[in-house]
>>> print(open('work_20.pdb').read())   # PDB, C-alpha atoms
ATOM      1  CA  MET A   1      32.860   4.234 -24.941
ATOM      2  CA  THR A   2      34.426   1.719 -27.343
ATOM      3  CA  TYR A   3      38.113   1.677 -28.278
ATOM      4  CA  THR A   4      37.006   2.837 -31.752
ATOM      5  CA  ALA A   5      35.433   5.991 -30.289
ATOM      6  CA  ALA A   6      38.352   6.574 -27.920
ATOM      7  CA  ALA A   7      40.821   6.241 -30.811
ATOM      8  CA  ALA A   8      38.888   8.805 -32.890
ATOM      9  CA  LEU A   9      38.851  11.130 -29.878
ATOM     10  CA  GLY A  10      42.589  10.608 -29.441
ATOM     11  CA  VAL A  11      43.275  11.655 -33.043
ATOM     12  CA  ALA A  12      41.009  14.712 -32.731
ATOM     13  CA  PHE A  13      42.781  15.714 -29.503
ATOM     14  CA  ALA A  14      46.220  15.462 -31.146
ATOM     15  CA  VAL A  15      45.098  17.399 -34.247
ATOM     16  CA  GLY A  16      43.624  20.132 -32.026
ATOM     17  CA  LEU A  17      46.839  20.284 -30.004
ATOM     18  CA  ASP A  18      48.976  20.663 -33.134
ATOM     19  CA  LEU A  19      46.824  23.082 -35.127
ATOM     20  CA  ALA A  20      44.913  25.092 -32.509
ATOM     21  CA  VAL A  21      46.501  24.865 -29.049
ATOM     22  CA  LEU A  22      50.282  24.777 -29.603
ATOM     23  CA  ARG A  23      49.973  25.966 -33.248
ATOM     24  CA  THR A  24      52.982  23.885 -34.235
ATOM     25  CA  ASN A  25      51.240  23.047 -37.558
ATOM     26  CA  LEU A  26      53.190  19.833 -37.992
ATOM     27  CA  LEU A  27      50.316  18.395 -40.035
ATOM     28  CA  ARG A  28      51.213  20.909 -42.754
ATOM     29  CA  ARG A  29      54.917  19.916 -42.844
ATOM     30  CA  LYS A  30      56.419  17.348 -45.179
ATOM     31  CA  GLY A  31      59.025  16.504 -42.533
ATOM     32  CA  PHE A  32      56.354  15.408 -40.057
ATOM     33  CA  TRP A  33      54.715  13.058 -42.555
ATOM     34  CA  VAL A  34      58.059  11.514 -43.531
ATOM     35  CA  ALA A  35      58.951  10.979 -39.844
ATOM     36  CA  TYR A  36      55.461   9.565 -39.203
ATOM     37  CA  ALA A  37      55.740   7.155 -42.151
ATOM     38  CA  ILE A  38      59.027   5.819 -40.737
ATOM     39  CA  ALA A  39      57.534   5.559 -37.236
ATOM     40  CA  LEU A  40      54.463   3.786 -38.664
ATOM     41  CA  ALA A  41      56.588   1.106 -40.308
ATOM     42  CA  PHE A  42      58.253   0.355 -36.964
ATOM     43  CA  GLN A  43      54.926   0.568 -35.122
ATOM     44  CA  LEU A  44      53.508  -2.179 -37.336
ATOM     45  CA  VAL A  45      56.436  -4.455 -36.435
ATOM     46  CA  VAL A  46      56.436  -3.684 -32.689
ATOM     47  CA  ASN A  47      52.646  -3.832 -32.430
ATOM     48  CA  GLY A  48      52.634  -7.002 -34.494
ATOM     49  CA  VAL A  49      54.943  -8.694 -31.975
ATOM     50  CA  LEU A  50      53.024  -7.471 -28.912
ATOM     51  CA  THR A  51      49.617  -8.447 -30.284
ATOM     52  CA  GLY A  52      50.786 -11.485 -32.270
ATOM     53  CA  GLN A  53      52.385 -12.964 -29.129
ATOM     54  CA  ARG A  54      49.156 -12.044 -27.319
ATOM     55  CA  LEU A  55      50.941  -9.892 -24.748
ATOM     56  CA  VAL A  56      48.105  -7.419 -25.274
ATOM     57  CA  VAL A  57      44.610  -8.790 -25.833
ATOM     58  CA  TYR A  58      41.676  -6.718 -27.111
ATOM     59  CA  SER A  59      38.013  -7.090 -26.311
ATOM     60  CA  THR A  60      36.320  -7.876 -29.616
ATOM     61  CA  GLY A  61      33.212  -5.923 -28.631
ATOM     62  CA  ASP A  62      35.141  -2.630 -28.468
ATOM     63  CA  ILE A  63      36.885  -2.717 -31.872
ATOM     64  CA  LEU A  64      35.629  -2.617 -35.465
ATOM     65  CA  GLY A  65      37.316  -5.922 -36.311
ATOM     66  CA  PRO A  66      39.800  -5.375 -39.164
ATOM     67  CA  ARG A  67      43.400  -6.014 -38.162
ATOM     68  CA  VAL A  68      46.778  -5.013 -39.599
ATOM     69  CA  LEU A  69      49.551  -7.454 -38.676
ATOM     70  CA  TYR A  70      47.506  -8.830 -35.733
ATOM     71  CA  ALA A  71      46.743  -5.373 -34.296
ATOM     72  CA  PRO A  72      43.268  -3.822 -34.498
ATOM     73  CA  ILE A  73      43.144  -0.884 -36.930
ATOM     74  CA  GLU A  74      42.277   1.346 -33.954
ATOM     75  CA  ASP A  75      45.927   0.972 -32.899
ATOM     76  CA  LEU A  76      46.928   2.979 -35.985
ATOM     77  CA  ALA A  77      44.892   5.923 -34.669
ATOM     78  CA  PHE A  78      46.338   5.415 -31.192
ATOM     79  CA  GLY A  79      49.888   5.454 -32.576
ATOM     80  CA  PHE A  80      49.215   8.489 -34.756
ATOM     81  CA  SER A  81      47.893  10.396 -31.742
ATOM     82  CA  LEU A  82      50.924   9.401 -29.668
ATOM     83  CA  VAL A  83      53.431  10.464 -32.334
ATOM     84  CA  LEU A  84      51.669  13.728 -33.225
ATOM     85  CA  GLN A  85      51.226  14.833 -29.598
ATOM     86  CA  THR A  86      54.851  14.009 -28.797
ATOM     87  CA  LEU A  87      56.279  15.845 -31.802
ATOM     88  CA  ALA A  88      53.992  18.858 -31.297
ATOM     89  CA  TRP A  89      55.245  19.270 -27.708
ATOM     90  CA  TRP A  90      58.868  18.728 -28.780
ATOM     91  CA  VAL A  91      58.666  21.388 -31.496
ATOM     92  CA  TRP A  92      56.732  23.763 -29.215
ATOM     93  CA  TRP A  93      59.322  23.551 -26.433
ATOM     94  CA  GLY A  94      62.092  24.052 -28.987
ATOM     95  CA  ARG A  95      60.401  27.139 -30.346
ATOM     96  CA  ARG A  96      59.918  28.552 -26.858
ATOM     97  CA  ALA A  97      63.575  28.004 -26.032
ATOM     98  CA  SER A  98      64.740  29.705 -29.221
ATOM     99  CA  GLN A  99      62.387  32.648 -28.574
ATOM    100  CA  ALA A 100      63.629  32.999 -24.988
ATOM    101  CA  ARG A 101      67.284  33.024 -26.080
ATOM    102  CA  PRO A 102      67.288  34.396 -29.630
ATOM    103  CA  THR A 103      70.563  34.083 -31.466
ATOM    104  CA  PRO A 104      71.524  37.195 -33.468
ATOM    105  CA  LEU A 105      70.619  35.346 -36.664
ATOM    106  CA  ALA A 106      67.224  34.138 -35.429
ATOM    107  CA  ALA A 107      66.427  37.571 -33.992
ATOM    108  CA  SER A 108      67.091  39.328 -37.276
ATOM    109  CA  ALA A 109      65.113  36.655 -39.145
ATOM    110  CA  ALA A 110      62.209  37.162 -36.726
ATOM    111  CA  ARG A 111      62.298  40.928 -37.319
ATOM    112  CA  ARG A 112      62.201  40.407 -41.066
ATOM    113  CA  ALA A 113      59.413  37.840 -40.953
ATOM    114  CA  THR A 114      55.917  38.951 -41.827
ATOM    115  CA  PRO A 115      52.970  37.074 -40.239
ATOM    116  CA  THR A 116      52.537  34.892 -43.336
ATOM    117  CA  GLU A 117      56.236  34.081 -43.393
ATOM    118  CA  THR A 118      56.124  33.186 -39.708
ATOM    119  CA  ARG A 119      53.578  30.464 -40.384
ATOM    120  CA  ARG A 120      55.828  28.965 -43.042
ATOM    121  CA  SER A 121      59.021  29.329 -41.039
ATOM    122  CA  SER A 122      61.005  26.549 -39.428
ATOM    123  CA  THR A 123      59.392  24.426 -36.720
ATOM    124  CA  ARG A 124      62.569  24.352 -34.700
TER
ATOM    125  CA  MET B   1      56.651 -14.744 -22.235
ATOM    126  CA  SER B   2      57.494 -11.953 -19.851
ATOM    127  CA  TRP B   3      60.795 -11.011 -21.507
ATOM    128  CA  ILE B   4      59.341 -10.252 -24.954
ATOM    129  CA  TYR B   5      57.858  -6.855 -24.080
ATOM    130  CA  PRO B   6      61.065  -5.496 -22.454
ATOM    131  CA  ALA B   7      63.111  -6.999 -25.301
ATOM    132  CA  VAL B   8      60.962  -5.208 -27.901
ATOM    133  CA  LEU B   9      61.362  -1.883 -26.074
ATOM    134  CA  ALA B  10      65.113  -2.404 -25.723
ATOM    135  CA  GLY B  11      65.198  -3.132 -29.456
ATOM    136  CA  CYS B  12      63.478   0.213 -30.127
ATOM    137  CA  VAL B  13      66.078   2.069 -28.053
ATOM    138  CA  LEU B  14      69.001   0.281 -29.718
ATOM    139  CA  ALA B  15      67.610   0.621 -33.245
ATOM    140  CA  THR B  16      67.194   4.400 -32.882
ATOM    141  CA  LEU B  17      70.518   5.029 -31.108
ATOM    142  CA  PRO B  18      72.397   5.576 -34.407
ATOM    143  CA  LEU B  19      70.041   8.483 -35.141
ATOM    144  CA  GLU B  20      71.550  10.249 -32.131
ATOM    145  CA  LEU B  21      75.126   8.972 -32.404
ATOM    146  CA  VAL B  22      75.647   8.885 -36.171
ATOM    147  CA  LEU B  23      73.104  11.278 -37.695
ATOM    148  CA  GLY B  24      73.415  13.824 -34.870
ATOM    149  CA  ALA B  25      69.737  14.094 -33.940
ATOM    150  CA  ARG B  26      70.677  15.777 -30.618
ATOM    151  CA  VAL B  27      67.679  14.499 -28.657
ATOM    152  CA  TYR B  28      69.307  12.803 -25.647
ATOM    153  CA  ARG B  29      71.648  15.810 -25.586
ATOM    154  CA  ARG B  30      68.674  18.098 -24.878
ATOM    155  CA  PRO B  31      67.369  16.308 -21.733
ATOM    156  CA  ARG B  32      65.263  19.173 -20.338
ATOM    157  CA  ARG B  33      63.374  19.667 -23.590
ATOM    158  CA  LEU B  34      62.943  15.903 -23.895
ATOM    159  CA  LEU B  35      61.596  15.641 -20.338
ATOM    160  CA  ALA B  36      59.216  18.570 -20.903
ATOM    161  CA  THR B  37      57.955  16.757 -24.029
ATOM    162  CA  LEU B  38      57.532  13.392 -22.328
ATOM    163  CA  LEU B  39      55.605  14.660 -19.286
ATOM    164  CA  PRO B  40      52.379  15.916 -20.941
ATOM    165  CA  VAL B  41      52.379  12.889 -23.268
ATOM    166  CA  LEU B  42      52.782  10.533 -20.305
ATOM    167  CA  VAL B  43      49.903  12.195 -18.458
ATOM    168  CA  VAL B  44      47.539  11.790 -21.435
ATOM    169  CA  PHE B  45      48.523   8.255 -22.413
ATOM    170  CA  VAL B  46      48.934   6.759 -18.950
ATOM    171  CA  THR B  47      45.419   8.073 -18.254
ATOM    172  CA  TRP B  48      44.109   6.666 -21.542
ATOM    173  CA  ASP B  49      45.750   3.318 -20.838
ATOM    174  CA  ALA B  50      44.327   3.150 -17.309
ATOM    175  CA  LEU B  51      40.814   4.031 -18.532
ATOM    176  CA  ALA B  52      41.055   1.513 -21.381
ATOM    177  CA  VAL B  53      42.142  -1.297 -19.057
ATOM    178  CA  HIS B  54      39.378  -0.307 -16.636
ATOM    179  CA  ALA B  55      36.814  -0.300 -19.476
ATOM    180  CA  GLY B  56      38.150  -3.638 -20.702
ATOM    181  CA  HIS B  57      39.258  -2.379 -24.137
ATOM    182  CA  TRP B  58      42.500  -4.288 -23.728
ATOM    183  CA  ARG B  59      44.428  -6.186 -21.119
ATOM    184  CA  TYR B  60      48.019  -7.265 -20.673
ATOM    185  CA  ARG B  61      49.304 -10.787 -20.278
ATOM    186  CA  HIS B  62      52.665 -12.176 -19.180
ATOM    187  CA  LEU B  63      54.000  -8.966 -17.662
ATOM    188  CA  LEU B  64      57.072  -8.872 -15.406
ATOM    189  CA  GLY B  65      54.853  -7.972 -12.467
ATOM    190  CA  LEU B  66      56.840  -4.868 -11.511
ATOM    191  CA  ARG B  67      54.734  -1.761 -11.041
ATOM    192  CA  VAL B  68      55.260   1.992 -10.984
ATOM    193  CA  GLY B  69      52.388   3.081  -8.756
ATOM    194  CA  ASN B  70      49.467   1.228 -10.256
ATOM    195  CA  LEU B  71      50.996   0.741 -13.700
ATOM    196  CA  PRO B  72      52.915  -2.233 -15.102
ATOM    197  CA  ILE B  73      56.515  -1.110 -15.633
ATOM    198  CA  GLU B  74      56.318  -2.179 -19.306
ATOM    199  CA  GLU B  75      53.536   0.340 -19.958
ATOM    200  CA  CYS B  76      55.452   3.184 -18.335
ATOM    201  CA  ALA B  77      58.513   2.263 -20.373
ATOM    202  CA  PHE B  78      56.430   2.060 -23.590
ATOM    203  CA  PHE B  79      55.162   5.633 -23.230
ATOM    204  CA  VAL B  80      58.725   6.847 -22.640
ATOM    205  CA  VAL B  81      60.519   4.771 -25.287
ATOM    206  CA  VAL B  82      58.089   5.236 -28.185
ATOM    207  CA  PRO B  83      57.941   9.062 -27.897
ATOM    208  CA  ILE B  84      61.766   9.221 -27.710
ATOM    209  CA  CYS B  85      61.971   7.117 -30.900
ATOM    210  CA  ALA B  86      59.475   9.452 -32.604
ATOM    211  CA  VAL B  87      61.467  12.570 -31.642
ATOM    212  CA  LEU B  88      64.730  10.940 -32.792
ATOM    213  CA  THR B  89      63.077  10.165 -36.133
ATOM    214  CA  LEU B  90      61.840  13.746 -36.583
ATOM    215  CA  GLU B  91      65.244  15.212 -35.722
ATOM    216  CA  ALA B  92      66.988  12.742 -38.045
ATOM    217  CA  VAL B  93      64.658  13.816 -40.868
ATOM    218  CA  ARG B  94      65.406  17.453 -39.972
ATOM    219  CA  ARG B  95      69.162  16.786 -40.151
ATOM    220  CA  ARG B  96      68.848  15.261 -43.604
ATOM    221  CA  ARG B  97      66.163  17.623 -44.969
ATOM    222  CA  PRO B  98      66.024  20.873 -42.949
ATOM    223  CA  ASP B  99      63.648  22.449 -45.489
ATOM    224  CA  TRP B 100      60.995  19.793 -44.860
ATOM    225  CA  LEU B 101      60.259  21.206 -41.382
TER
END
>>> encode(input="work_20.pdb", output="structure tokens")
Amino acid sequence: MTYTAAAALGVAFAVGLDLAVLRTNLLRRKGFWVAYAIALAFQLVVNGVLTGQRLVVYSTGDILGPRVLYAPIEDLAFGFSLVLQTLAWWVWWGRRASQARPTPLAASAARRATPTETRRSSTR
Amino acid sequence: MSWIYPAVLAGCVLATLPLELVLGARVYRRPRRLLATLLPVLVVFVTWDALAVHAGHWRYRHLLGLRVGNLPIEECAFFVVVPICAVLTLEAVRRRRPDWL
């Protein structure tokens, strides 16, 4: 398997985790995309240093070729998968904790919520 | 140079610290939830990294030489530091714009 294929698999795995397994649905939230955009800007800098200084070296046979700030474009998929998986778990654990110990406010909100409202409700 | 990688990671930690201390992201203050988040991510990405190095997709140069098990300490630190920065960013966005999440 090339890095290109592994990176595509990594994105698919993260998307499946968010939408189907944990059902955190971060991909449908504006807040996720804003946080990801900020993280991406810093990723480009950090990755640029690590690859530009040749601390990490890639085999040219396993990547498509195009690079963004020294790093192969596959790294963008790698970073996206890392951020999405992390945030999906974080939000999922937070939700579990708030369901295990519902505050009076959250409990009454949960009682009021219809299934459609639940999907749109906070990711906390 | 062997100090660049640790310096970059330390820079990530320092640069995101105000999100916790000034914006009130409350990430380091929820250590159990943070640990529970980091563990599954570490399992997936440490495995990916090991397979990629084995397959020759990438290799590391100028590492410190310290290892956690079979892994360079920089790699372990990377997959802890970067997820923490991502969570801090999400919680900072949530503090500023609760309706976006």
>>> closest_residue(input="work_20.pdb", among="B:Ala50, B:Leu64, B:Val43, B:Leu19", to="B:Arg94", atoms="only C-alpha atoms")
B:Leu19
>>> resolve_selection(input="work_20.pdb", expression="the PyMOL selection byres ((chain A and resi 68) around 12)", output="PyMOL selection string")
chain A and resi 40-41+43-49+51-52+65-67+69-76
>>> resolve_selection(input="work_20.pdb", expression="the ChimeraX specification (/B :<7) & /A", output="NGL selection string")
:A and (3 or 29-32 or 35 or 39 or 46 or 50 or 55-59 or 62 or 83 or 85-87 or 89-90 or 93 or 122-123)
>>> atom_distance(input="work_20.pdb", atom1="atom CA of B:Ala15", atom2="atom CA of A:Ile38")
12.5 Å
>>> atom_distance(input="work_20.pdb", atom1="atom CA of A:Met1", atom2="atom CA of A:Leu17")
21.9 Å
>>> residues_around(input="work_20.pdb", residues="A:Val11", least_positions_apart="4", cutoff="10 Å", atoms="only C-alpha atoms", output="list in words")
Ala6, Ala7, Val15, Gly16, Leu17, Leu76, Ala77, Phe78, Gly79, Phe80, Ser81, Leu82, Leu84 and Gln85 of chain A
>>> atom_distance(input="work_20.pdb", atom1="atom CA of B:Glu74", atom2="atom CA of B:Pro6")
6.6 Å
>>> closest_residue(input="work_20.pdb", among="B:Leu14, B:His54, B:Gly24, B:Val46", to="A:Thr2", atoms="all atoms listed in the file")
B:His54
>>> axis_aligned_box(input="work_20.pdb", around="stretch 60-66 of chain A", padding_each_side="4 Å", output="AutoDock Vina command-line options")
--center_x 36.5 --center_y -5.2 --center_z -33.8 --size_x 14.6 --size_y 13.3 --size_z 18.7
